[in-house]
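Trainee: Supplied structure: run01.txt, compact mmCIF, C-alpha atoms and all ligand atoms.
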# COMPACT_ATOMS: atom_id res chain seq x y z
CA MET A 15 -30.06 -30.13 -27.28
CA ASP A 16 -27.43 -27.42 -27.47
CA THR A 17 -29.52 -24.63 -26.00
CA ALA A 18 -26.94 -23.23 -23.60
CA ILE A 19 -24.23 -23.03 -26.21
CA THR A 20 -26.48 -21.78 -29.02
CA PHE A 21 -27.64 -19.09 -26.64
CA HIS A 22 -24.07 -17.80 -26.38
CA ALA A 23 -23.63 -17.97 -30.15
CA ALA A 24 -26.83 -16.13 -30.87
CA ALA A 25 -26.44 -13.57 -28.12
CA PRO A 26 -22.78 -12.96 -27.36
CA ALA A 27 -23.79 -9.83 -25.48
CA ASP A 28 -25.68 -11.71 -22.78
CA ALA A 29 -24.78 -10.56 -19.29
CA ALA A 30 -22.56 -13.46 -18.16
CA HIS A 31 -20.67 -13.51 -21.42
CA GLN A 32 -20.24 -9.75 -21.43
CA ALA A 33 -18.90 -9.90 -17.87
CA LEU A 34 -16.29 -12.45 -18.93
CA ARG A 35 -15.30 -10.32 -21.90
CA ASN A 36 -14.94 -7.26 -19.67
CA ARG A 37 -12.89 -9.28 -17.24
CA ALA A 38 -10.63 -10.43 -20.08
CA LEU A 39 -10.17 -6.84 -21.23
CA GLU A 40 -9.34 -5.70 -17.69
CA LEU A 41 -6.72 -8.42 -17.48
CA TYR A 42 -5.21 -7.42 -20.83
CA ALA A 43 -4.97 -3.84 -19.53
CA LEU A 44 -2.89 -4.77 -16.46
CA SER A 45 0.80 -4.03 -16.46
CA PHE A 46 2.75 -6.92 -17.98
CA ASN A 47 4.29 -7.82 -14.62
CA ASP A 48 0.98 -7.76 -12.75
CA LEU A 49 -0.71 -9.88 -15.42
CA LEU A 50 2.09 -12.43 -15.52
CA PHE A 51 2.26 -12.63 -11.73
CA MET A 52 -1.48 -13.26 -11.55
CA ALA A 53 -1.45 -15.82 -14.36
CA HIS A 54 1.51 -17.66 -12.88
CA THR A 55 -0.19 -17.75 -9.47
CA VAL A 56 -3.30 -19.32 -11.02
CA HIS A 57 -1.10 -21.74 -12.97
CA ARG A 58 0.70 -22.80 -9.78
CA GLU A 59 -2.59 -23.40 -7.95
CA HIS A 60 -3.73 -25.92 -10.53
CA PHE A 61 -0.65 -27.44 -12.16
CA ASP A 62 2.89 -28.58 -11.58
CA THR A 63 4.67 -25.68 -13.28
CA ALA A 64 7.64 -27.85 -14.28
CA ARG A 65 5.54 -30.11 -16.51
CA VAL A 66 4.73 -29.44 -20.13
CA GLN A 67 2.69 -31.91 -22.15
CA ARG A 68 3.75 -32.77 -25.70
CA SER A 69 1.43 -33.67 -28.60
CA THR A 70 2.64 -34.64 -32.05
CA LEU A 71 0.58 -33.73 -35.11
CA LEU A 72 0.22 -35.66 -38.33
CA SER A 73 -1.69 -34.54 -41.38
CA ILE A 74 -3.50 -37.73 -42.44
CA LYS A 75 -5.20 -36.03 -45.41
CA THR A 76 -3.64 -32.92 -46.85
CA GLY A 77 -4.83 -29.99 -48.97
CA GLY A 78 -7.70 -29.66 -51.42
CA CYS A 79 -10.10 -28.49 -48.72
CA PRO A 80 -13.36 -26.91 -49.96
CA GLU A 81 -13.51 -24.40 -47.07
CA ASP A 82 -12.27 -20.80 -47.25
CA CYS A 83 -10.59 -20.27 -43.84
CA GLY A 84 -8.46 -17.20 -44.61
CA TYR A 85 -5.45 -18.40 -42.65
CA CYS A 86 -5.24 -21.90 -44.05
CA PRO A 87 -2.68 -23.18 -46.56
CA GLN A 88 -4.84 -26.27 -47.20
CA ALA A 89 -7.85 -24.52 -48.72
CA ALA A 90 -8.08 -25.59 -52.38
CA ARG A 91 -9.02 -22.08 -53.50
CA TYR A 92 -5.72 -20.49 -52.40
CA HIS A 93 -2.53 -21.13 -54.30
CA THR A 94 -0.10 -21.96 -51.54
CA GLY A 95 1.96 -24.75 -53.07
CA VAL A 96 0.67 -27.34 -50.59
CA GLU A 97 0.61 -30.67 -52.38
CA GLU A 98 -2.69 -32.51 -52.13
CA GLN A 99 -2.49 -35.95 -50.58
CA GLY A 100 -5.30 -38.44 -50.02
CA LEU A 101 -5.79 -40.32 -46.78
CA LEU A 102 -2.52 -41.86 -45.61
CA PRO A 103 -2.26 -45.64 -45.36
CA LEU A 104 -2.77 -47.04 -41.85
CA ASP A 105 0.81 -48.34 -41.64
CA ASP A 106 2.28 -44.89 -42.28
CA VAL A 107 0.15 -43.40 -39.53
CA VAL A 108 1.13 -46.10 -37.06
CA ALA A 109 4.83 -45.69 -37.94
CA ALA A 110 4.60 -41.91 -37.34
CA ALA A 111 2.82 -42.46 -34.04
CA ARG A 112 5.44 -44.96 -32.90
CA LEU A 113 8.19 -42.46 -33.70
CA ALA A 114 6.35 -39.68 -31.86
CA LYS A 115 6.12 -41.91 -28.79
CA GLU A 116 9.83 -42.76 -28.98
CA HIS A 117 10.57 -39.04 -29.01
CA GLY A 118 8.49 -38.53 -25.87
CA ALA A 119 5.10 -37.32 -27.12
CA THR A 120 2.16 -38.52 -25.02
CA ARG A 121 -0.60 -37.57 -27.45
CA PHE A 122 -0.89 -38.09 -31.19
CA CYS A 123 -3.19 -35.79 -33.11
CA MET A 124 -4.42 -36.74 -36.58
CA GLY A 125 -5.62 -33.85 -38.74
CA ALA A 126 -7.55 -33.96 -42.01
CA ALA A 127 -8.26 -31.13 -44.45
CA TRP A 128 -11.96 -31.86 -44.66
CA ARG A 129 -15.04 -29.72 -44.18
CA GLY A 130 -16.09 -32.78 -42.22
CA PRO A 131 -15.68 -36.53 -42.69
CA LYS A 132 -18.03 -38.45 -44.98
CA ALA A 133 -19.13 -41.87 -43.72
CA ARG A 134 -16.64 -43.59 -46.04
CA ASP A 135 -13.84 -41.32 -44.75
CA LEU A 136 -14.48 -42.09 -41.13
CA ALA A 137 -14.10 -45.89 -41.22
CA PRO A 138 -10.33 -45.85 -42.00
CA VAL A 139 -9.79 -43.09 -39.43
CA LEU A 140 -11.43 -45.28 -36.78
CA ASP A 141 -8.82 -47.95 -37.55
CA MET A 142 -6.07 -45.36 -37.13
CA VAL A 143 -7.48 -44.31 -33.77
CA ARG A 144 -7.65 -47.93 -32.58
CA GLU A 145 -4.06 -48.67 -33.65
CA VAL A 146 -2.56 -45.46 -32.25
CA LYS A 147 -4.40 -45.96 -28.97
CA SER A 148 -3.02 -49.49 -28.72
CA LEU A 149 0.53 -48.04 -28.76
CA GLY A 150 -0.27 -46.44 -25.39
CA LEU A 151 -0.65 -42.92 -26.74
CA GLU A 152 -3.52 -40.56 -26.09
CA THR A 153 -5.40 -39.99 -29.31
CA CYS A 154 -6.76 -36.78 -30.81
CA CYS A 155 -8.42 -36.08 -34.15
CA THR A 156 -9.27 -32.88 -35.97
CA LEU A 157 -11.42 -33.73 -38.96
CA GLY A 158 -13.72 -30.73 -39.28
CA MET A 159 -17.44 -30.63 -38.51
CA LEU A 160 -19.02 -33.81 -37.21
CA LYS A 161 -22.50 -35.08 -37.98
CA ASP A 162 -24.77 -36.84 -35.50
CA GLY A 163 -23.27 -40.15 -34.43
CA GLN A 164 -19.74 -39.53 -35.75
CA ALA A 165 -18.36 -38.34 -32.41
CA GLN A 166 -19.73 -41.49 -30.79
CA GLN A 167 -18.07 -43.67 -33.44
CA LEU A 168 -14.75 -41.96 -32.70
CA LYS A 169 -15.25 -42.37 -28.96
CA ASP A 170 -16.06 -46.07 -29.40
CA ALA A 171 -12.84 -46.54 -31.41
CA GLY A 172 -10.81 -45.18 -28.48
CA LEU A 173 -10.49 -41.49 -29.27
CA ASP A 174 -9.59 -39.35 -26.24
CA TYR A 175 -9.74 -35.77 -27.60
CA TYR A 176 -11.38 -33.99 -30.51
CA ASN A 177 -9.85 -30.70 -31.65
CA HIS A 178 -12.21 -28.16 -33.12
CA ASN A 179 -11.34 -24.49 -32.75
CA LEU A 180 -13.56 -21.44 -32.47
CA ASP A 181 -10.68 -19.58 -34.15
CA THR A 182 -11.71 -16.02 -33.24
CA ALA A 183 -14.44 -13.95 -31.57
CA PRO A 184 -17.93 -14.22 -33.08
CA GLU A 185 -17.91 -10.64 -34.35
CA HIS A 186 -14.60 -11.10 -36.19
CA TYR A 187 -15.39 -14.55 -37.54
CA GLY A 188 -17.06 -13.38 -40.76
CA GLU A 189 -13.81 -11.68 -41.80
CA ILE A 190 -11.98 -15.00 -41.65
CA VAL A 191 -14.33 -17.79 -42.77
CA SER A 192 -17.53 -17.75 -44.81
CA THR A 193 -18.12 -21.42 -45.59
CA ARG A 194 -19.17 -22.40 -42.07
CA GLU A 195 -20.75 -20.47 -39.27
CA TYR A 196 -19.75 -19.93 -35.68
CA GLY A 197 -22.87 -21.84 -34.64
CA ASP A 198 -21.75 -24.82 -36.76
CA ARG A 199 -18.55 -24.95 -34.73
CA LEU A 200 -20.46 -24.78 -31.47
CA ALA A 201 -22.77 -27.56 -32.66
CA THR A 202 -19.79 -29.83 -33.41
CA LEU A 203 -18.33 -29.07 -29.98
CA GLU A 204 -21.66 -30.01 -28.45
CA ARG A 205 -21.65 -33.35 -30.29
CA VAL A 206 -18.07 -34.00 -29.15
CA ARG A 207 -18.97 -33.29 -25.53
CA GLY A 208 -22.18 -35.31 -25.83
CA ALA A 209 -20.19 -38.39 -26.88
CA GLY A 210 -18.01 -38.12 -23.77
CA LEU A 211 -14.89 -37.06 -25.67
CA LYS A 212 -12.49 -34.55 -24.19
CA VAL A 213 -12.63 -31.19 -25.92
CA CYS A 214 -9.60 -29.47 -27.42
CA CYS A 215 -10.77 -26.04 -28.50
CA GLY A 216 -8.87 -22.82 -28.99
CA GLY A 217 -8.18 -20.24 -31.62
CA ILE A 218 -5.76 -18.13 -33.58
CA VAL A 219 -4.45 -14.66 -32.90
CA GLY A 220 -2.56 -12.40 -35.26
CA LEU A 221 -5.42 -12.47 -37.80
CA GLY A 222 -5.60 -8.67 -37.75
CA GLU A 223 -8.20 -8.79 -34.96
CA SER A 224 -8.56 -6.16 -32.25
CA ARG A 225 -7.69 -6.74 -28.61
CA GLU A 226 -11.45 -6.74 -27.97
CA ALA A 227 -11.77 -9.66 -30.35
CA ARG A 228 -8.96 -11.53 -28.61
CA ALA A 229 -10.77 -10.94 -25.30
CA GLY A 230 -13.99 -12.08 -27.00
CA LEU A 231 -12.37 -15.33 -28.17
CA ILE A 232 -11.08 -16.14 -24.69
CA ALA A 233 -14.44 -15.23 -23.13
CA GLN A 234 -16.18 -17.51 -25.62
CA LEU A 235 -13.82 -20.39 -24.81
CA ALA A 236 -14.18 -19.74 -21.09
CA SER A 237 -17.96 -19.77 -21.30
CA LEU A 238 -18.09 -23.26 -22.78
CA ASP A 239 -19.56 -25.39 -20.03
CA PRO A 240 -17.64 -27.45 -19.07
CA GLN A 241 -14.54 -25.58 -20.18
CA PRO A 242 -12.37 -27.39 -22.76
CA GLU A 243 -9.73 -29.70 -21.32
CA SER A 244 -7.24 -28.39 -23.84
CA VAL A 245 -6.98 -24.88 -25.33
CA PRO A 246 -4.59 -24.40 -28.25
CA ILE A 247 -3.56 -20.78 -28.78
CA ASN A 248 -2.14 -20.43 -32.29
CA ASP A 249 -0.17 -17.43 -33.52
CA LEU A 250 -0.98 -17.13 -37.23
CA VAL A 251 1.58 -18.86 -39.44
CA GLN A 252 1.46 -16.66 -42.50
CA VAL A 253 1.50 -18.68 -45.70
CA GLU A 254 1.96 -16.98 -49.07
CA GLY A 255 -1.18 -17.35 -51.16
CA THR A 256 -3.63 -17.19 -48.24
CA PRO A 257 -5.67 -14.00 -47.83
CA LEU A 258 -4.09 -13.36 -44.43
CA ALA A 259 -0.49 -13.43 -45.66
CA GLY A 260 0.97 -9.98 -45.06
CA THR A 261 -1.16 -9.26 -41.97
CA GLU A 262 0.64 -7.17 -39.39
CA LYS A 263 2.31 -9.50 -36.93
CA LEU A 264 0.99 -9.51 -33.39
CA PRO A 265 3.60 -8.01 -31.02
CA TRP A 266 5.11 -10.70 -28.80
CA VAL A 267 3.99 -8.91 -25.63
CA GLU A 268 0.38 -9.14 -26.80
CA PHE A 269 0.81 -12.84 -27.56
CA VAL A 270 2.18 -13.53 -24.07
CA ARG A 271 -0.67 -11.49 -22.59
CA THR A 272 -3.13 -13.66 -24.52
CA ILE A 273 -1.65 -16.81 -22.98
CA ALA A 274 -1.85 -15.21 -19.52
CA VAL A 275 -5.49 -14.15 -19.92
CA ALA A 276 -6.38 -17.64 -21.18
CA ARG A 277 -4.65 -19.19 -18.16
CA ILE A 278 -6.57 -16.98 -15.71
CA LEU A 279 -9.99 -17.48 -17.29
CA LEU A 280 -9.51 -21.19 -18.05
CA PRO A 281 -7.67 -22.15 -14.85
CA ARG A 282 -7.99 -25.93 -15.14
CA SER A 283 -7.45 -26.28 -18.89
CA MET A 284 -4.19 -27.26 -20.49
CA VAL A 285 -3.19 -24.18 -22.48
CA ARG A 286 -1.19 -25.13 -25.56
CA LEU A 287 1.42 -22.83 -27.05
CA SER A 288 0.54 -24.01 -30.56
CA ALA A 289 1.31 -22.86 -34.10
CA GLY A 290 3.77 -20.02 -34.46
CA ARG A 291 6.61 -21.29 -32.26
CA SER A 292 9.04 -21.46 -35.20
CA ALA A 293 8.86 -17.69 -35.51
CA MET A 294 9.03 -17.12 -31.75
CA SER A 295 12.25 -16.66 -29.83
CA GLU A 296 13.00 -19.05 -26.98
CA PRO A 297 12.86 -16.28 -24.33
CA VAL A 298 9.34 -15.43 -25.51
CA GLN A 299 8.36 -19.11 -25.37
CA ALA A 300 9.77 -19.24 -21.83
CA LEU A 301 7.58 -16.26 -20.90
CA CYS A 302 4.57 -18.11 -22.33
CA PHE A 303 5.36 -21.09 -20.09
CA PHE A 304 5.65 -18.73 -17.12
CA ALA A 305 2.32 -17.16 -18.08
CA GLY A 306 0.63 -20.56 -17.93
CA ALA A 307 1.16 -22.44 -21.19
CA ASN A 308 1.70 -26.08 -20.29
CA SER A 309 1.49 -27.95 -23.54
CA ILE A 310 3.08 -27.74 -27.00
CA PHE A 311 3.02 -29.34 -30.43
CA TYR A 312 6.20 -31.35 -30.61
CA GLY A 313 7.82 -32.56 -33.83
CA GLU A 314 9.32 -30.83 -36.88
CA LYS A 315 6.01 -30.33 -38.61
CA LEU A 316 2.58 -29.02 -37.63
CA LEU A 317 0.22 -30.05 -40.44
CA THR A 318 1.88 -28.50 -43.49
CA THR A 319 4.19 -25.88 -41.95
CA GLY A 320 7.30 -26.09 -39.81
CA ASN A 321 7.70 -26.40 -36.05
CA PRO A 322 10.95 -26.30 -34.02
CA ASP A 323 13.27 -29.32 -34.20
CA VAL A 324 12.75 -31.93 -31.51
CA LYS A 325 16.38 -31.58 -30.42
CA ARG A 326 15.95 -27.85 -29.97
CA ASP A 327 12.80 -28.28 -27.95
CA ASP A 328 14.48 -30.96 -25.83
CA ALA A 329 17.36 -28.57 -25.14
CA LEU A 330 14.95 -25.76 -24.28
CA PHE A 331 13.06 -28.04 -21.88
CA THR A 332 16.31 -29.10 -20.23
CA ALA A 333 17.42 -25.49 -19.88
CA LEU A 334 14.08 -24.54 -18.31
CA GLY A 335 14.10 -27.61 -16.03
CA PHE A 336 10.86 -29.01 -17.46
CA ALA A 337 9.83 -32.62 -17.21
CA PRO A 338 7.42 -34.23 -19.62
CA ALA A 339 3.82 -34.34 -18.39
N1 LIG B 1 -10.04 -29.14 -41.34
C1 LIG B 1 -10.36 -29.22 -39.97
C2 LIG B 1 -11.01 -27.98 -39.44
O1 LIG B 1 -10.65 -26.89 -39.87
O2 LIG B 1 -11.89 -28.09 -38.61
C3 LIG B 1 -9.19 -29.61 -39.09
C4 LIG B 1 -7.80 -29.08 -39.37
S1 LIG B 1 -7.57 -27.32 -39.20
C5 LIG B 1 -6.02 -27.11 -40.04
C6 LIG B 1 -7.26 -27.07 -37.48
C7 LIG B 1 -6.98 -25.69 -36.98
O3 LIG B 1 -5.65 -25.32 -37.29
C8 LIG B 1 -7.79 -24.54 -37.51
O4 LIG B 1 -9.06 -24.43 -36.92
C9 LIG B 1 -6.93 -23.35 -37.12
O5 LIG B 1 -7.26 -22.90 -35.81
C10 LIG B 1 -5.51 -23.93 -37.11
N2 LIG B 1 -4.72 -23.37 -38.23
C11 LIG B 1 -4.84 -23.67 -39.53
N3 LIG B 1 -3.98 -22.95 -40.29
C12 LIG B 1 -3.27 -22.18 -39.43
C13 LIG B 1 -2.25 -21.21 -39.59
N4 LIG B 1 -1.79 -20.88 -40.80
N5 LIG B 1 -1.74 -20.61 -38.50
C14 LIG B 1 -2.22 -20.93 -37.27
N6 LIG B 1 -3.20 -21.84 -37.05
C15 LIG B 1 -3.73 -22.45 -38.11
C1 LIG B 2 -4.48 -26.37 -33.60
O1 LIG B 2 -5.11 -25.57 -32.86
N1 LIG B 2 -3.37 -26.07 -34.25
C2 LIG B 2 -2.92 -27.19 -35.04
C3 LIG B 2 -3.91 -28.32 -34.62
N2 LIG B 2 -4.84 -27.62 -33.80
C4 LIG B 2 -4.53 -29.14 -35.64
C5 LIG B 2 -2.79 -26.92 -36.49
C6 LIG B 2 -1.86 -25.77 -36.81
C7 LIG B 2 -1.74 -25.70 -38.29
C8 LIG B 2 -0.72 -24.68 -38.74
C9 LIG B 2 -0.64 -24.58 -40.21
C10 LIG B 2 -0.19 -25.83 -40.89
O2 LIG B 2 0.83 -26.46 -40.48
O3 LIG B 2 -0.81 -26.22 -41.90
FE1 LIG B 3 -10.10 -26.73 -44.48
FE2 LIG B 3 -9.62 -26.92 -41.86
FE3 LIG B 3 -8.02 -25.48 -43.48
FE4 LIG B 3 -10.46 -24.58 -42.95
S1 LIG B 3 -8.78 -24.89 -41.45
S2 LIG B 3 -9.49 -24.65 -44.99
S3 LIG B 3 -11.58 -26.51 -42.82
S4 LIG B 3 -8.29 -27.66 -43.53
Please express what this file holds, its structure, as structure tokens.
Mentor:
Amino acid sequence: MDTAITFHAAAPADAAHQALRNRALELYALSFNDLLFMAHTVHREHFDTARVQRSTLLSIKTGGCPEDCGYCPQAARYHTGVEEQGLLPLDDVVAAARLAKEHGATRFCMGAAWRGPKARDLAPVLDMVREVKSLGLETCCTLGMLKDGQAQQLKDAGLDYYNHNLDTAPEHYGEIVSTREYGDRLATLERVRGAGLKVCCGGIVGLGESREARAGLIAQLASLDPQPESVPINDLVQVEGTPLAGTEKLPWVEFVRTIAVARILLPRSMVRLSAGRSAMSEPVQALCFFAGANSIFYGEKLLTTGNPDVKRDDALFTALGFAPA
């Protein structure tokens, strides 16, 4: 069923994948100006460069997660001060979605701190998807690993996108997560694609990975066939209590380069400037938009950590002459 993708997982050094990785590394090695010029040219060929799409996130089930993702404040085993909260009532979710729409978001993404949904978890989420969709918003869920049939249930309820990230390159993955394998992630992505859902799949940088690993992540994303419609690039939000707190911060130039390389190798995907914007200056964000980012998370909160104020983002968009997409 998922032969092509499993092949990449099992043999990341296969020729096509290696070529993509080398290409990514060559791009990273260009001078900043040459790389940005190239990325912006690709961006211009495929998108209206004055449009940036806005998605609002809501954590519908928070904390207490059994997984050990080293970056995540919601893993039960780390003491991060995140307060556990069971599944939110439907009305609260609908109210948050309505507010997001009023503020100008076009997509509403519901995230749950699960390894994956149990059958009894999924039923109430399907109701949320139906209700949010009926408000005229695009819908997205990120609920962890899906079992056979669950992606189809989500699709039937009106889900547009499923977010499931590869997080990092296969060779760095074991440093970050031990409770699920890279192949498990690829299998969920395959189920999502198989159900006809749009794929939102990206990763995190600033995990202490090498440039090679950043190139490897982008090559892995770019070798998904078809490529994901949406590619979130997260800059690690360091949360005290997680194993990755205290990691050396990625220099901003390297972050902008990562956006540019993603834009060039995933020319038709929406590239989302995702977590990490609160710690990023506005000029650096503007460079990311020039380099090809054309989507953001919009709203004061990501899942458990902060994101820039809506008013600030609106002012930045006005200053940059961006229209909503
Ligand atoms: N529990 C589900 C899962 O992991 O599949 C869904 C929610 S999970 C929080 C979604 C993604 O958020 C992760 O895969 C990771 O890429 C990103 N993420 C989580 N914590 C982060 C952090 N501290 N900084 C940046 N990105 C983070
Ligand atoms: C994604 O790639 N980034 C978002 C979304 N998909 C679900 C999550 C970022 C989480 C940042 C840490 C937090 O707020 O808990
Ligand atoms: Fe759990 Fe998702 Fe956080 Fe991993 S990233 S600990 S699966 S909530």
Trainee: Dump the neighbourhood of ligand LIG 1 (chain B) as an MDAnalysis selection string: all residues within 6 Å, distances computed on all atoms listed in the file.
Mentor: chainID A and resid 85:86 125:129 156:158 178:179 181 217:218 248:252 289
Trainee: Determine, for each residue of chain A having at least one atom at most 6 Å from an atom of ligand LIG 2 (chain B), the closest pair of atoms and their separation in Å to one decimal, counting only C-alpha atoms and all ligand atoms; order by chain and ascending number, as CSV.
Mentor:
residue,atom,partner,partner_atom,distance
A:Pro87,CA,B:LIG2,O3,5.9
A:Gly125,CA,B:LIG2,C4,5.7
A:Pro246,CA,B:LIG2,O1,4.8
A:Asn248,CA,B:LIG2,O1,6.0
A:Ser288,CA,B:LIG2,N1,5.8
A:Ala289,CA,B:LIG2,C6,5.1
A:Leu316,CA,B:LIG2,O2,4.2
A:Leu317,CA,B:LIG2,O2,3.6
A:Thr318,CA,B:LIG2,O2,3.8
A:Thr319,CA,B:LIG2,O2,3.7
Trainee: Just to confirm, what's the straight-line distance from atom CA of A:Ala333 to atom CA of A:Ala300 in Å (one decimal)?
Mentor: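 For atom CA of A:Ala333 relative to atom CA of A:Ala300, the distance reads 10.1 Å.
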Trainee: Compare A:Arg271, A:Arg282, A:Arg199, A:Arg194 by their minimum atom-to-atom distance to A:Ala236, counting only C-alpha atoms, and give me the closest one.
Mentor: A:Arg282
Trainee: For a quick check of understanding, using only C-alpha atoms and all ligand atoms, which of A:Cys214, A:Val191, A:Met124, A:Ala89 has the smallest distance to ligand LIG 3 (chain B)?
Mentor: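 Smallest separation from ligand LIG 3 (chain B) among the options: A:Ala89.
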Trainee: Using all atoms listed in the file, which protein or nucleic acid residues come within 6 Å of stretch 119-122 of chain A? Drop anything in the same chain fewer than 3 positions from it, and give the result as a list in words.
Mentor: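 Surrounding residues, per the criterion: Arg68, Ser69, Thr70, Ala114, Lys115, Leu151, Glu152 and Thr153 of chain A.
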Trainee: Calculated over all atoms listed in the file, which of the candidates A:Cys79, A:Leu44, A:Leu180, A:Val270 has the smallest distance to ligand LIG 3 (chain B)?
Mentor: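 Of A:Cys79, A:Leu44, A:Leu180, A:Val270, the one nearest ligand LIG 3 (chain B) is A:Cys79, counting all atoms listed in the file.
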Trainee: Need the axis-aligned box for ligand LIG 3 (chain B) with 6 Å each side, so what are the centre and edges in Å to one decimal, as JSON?
Mentor:
{"center_x": -9.8, "center_y": -26.1, "center_z": -43.2, "size_x": 15.6, "size_y": 15.1, "size_z": 15.5}
Trainee: Return the single residue from A:His60, A:Arg277, A:Arg286, A:Lys263 that is closest to A:Gly216, with distances computed using all atoms listed in the file.
Mentor: A:Arg286
Trainee: Using all atoms listed in the file, which residues sit within 10 Å of A:Lys169 once same-chain residues fewer than 2 positions away are excluded, as a list of chain:residue names?
Mentor: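 What passes the distance filter is A:Leu140, A:Val143, A:Gly163, A:Gln164, A:Ala165, A:Gln166, A:Gln167, A:Ala171, A:Gly172, A:Leu173, A:Asp174, A:Tyr175, A:Tyr176, A:Val206, A:Ala209, A:Gly210, A:Leu211, A:Lys212.
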Trainee: Separation of atom CA of A:Val267 and atom CA of A:Ser309, in Å?
Mentor: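 Rounded to one decimal, the two atoms are 19.3 Å apart.
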Trainee: Give the answer as one residue: which of A:Asn47, A:Thr272, A:Thr76, A:Ser148 has the shortest atom-to-atom distance to A:Val108, using only C-alpha atoms?
Mentor: A:Ser148
Trainee: Could you jot down the atom CA of A:Glu116 to atom CA of A:Ala339 separation for me, Å, one decimal place?
Mentor: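 Computing it gives 14.8 Å between the two atoms.
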Trainee: Between A:Gln299, A:Ser244, A:Thr94, A:Thr55, which has the minimum distance to ligand LIG 3 (chain B) (counting only C-alpha atoms and all ligand atoms)?
Mentor: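 Smallest distance to ligand LIG 3 (chain B) is found for A:Thr94.
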Trainee: Find the residues around A:Phe61 up to 12 Å (all atoms listed in the file counted), leave out those fewer than 3 positions away in its own chain, and share them as a list in words.
Mentor: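 Near A:Phe61, the qualifying residues are Ala53, His54, Thr55, Val56, His57, Arg58, Ala64, Arg65, Val66, Gln67, Arg277, Pro281, Arg282, Ser283, Met284, Val285, Phe303, Phe304, Gly306, Ala307, Asn308, Ser309 and Ala339 of chain A.
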Trainee: List as a list of chain:residue names the protein and nucleic acid residues near A:Cys123, meaning an atom at most 6 Å away when all atoms listed in the file are counted, but skip any in the same chain fewer than 6 places from it.
Mentor: A:Leu71, A:Cys154, A:Cys155
Trainee: Residues within 9 Å of stretch 223-225 of chain A, please, as a ChimeraX atom specification. Count only C-alpha atoms; anything in the same chain fewer than 2 positions from it doesn't count.
Mentor: /A:39,42,182-183,186,219-221,227-230,268
Trainee: Those selected residues, please, written with C-alpha atoms and delivered as a compact mmCIF listing (two decimals), in the frame of the given file.
Mentor:
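Once written, part-v2.txt looks like this:
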# COMPACT_ATOMS: atom_id res chain seq x y z
CA LEU A 39 -10.17 -6.84 -21.23
CA TYR A 42 -5.21 -7.42 -20.83
CA THR A 182 -11.71 -16.02 -33.24
CA ALA A 183 -14.44 -13.95 -31.57
CA HIS A 186 -14.60 -11.10 -36.19
CA VAL A 219 -4.45 -14.66 -32.90
CA GLY A 220 -2.56 -12.40 -35.26
CA LEU A 221 -5.42 -12.47 -37.80
CA ALA A 227 -11.77 -9.66 -30.35
CA ARG A 228 -8.96 -11.53 -28.61
CA ALA A 229 -10.77 -10.94 -25.30
CA GLY A 230 -13.99 -12.08 -27.00
CA GLU A 268 0.38 -9.14 -26.80
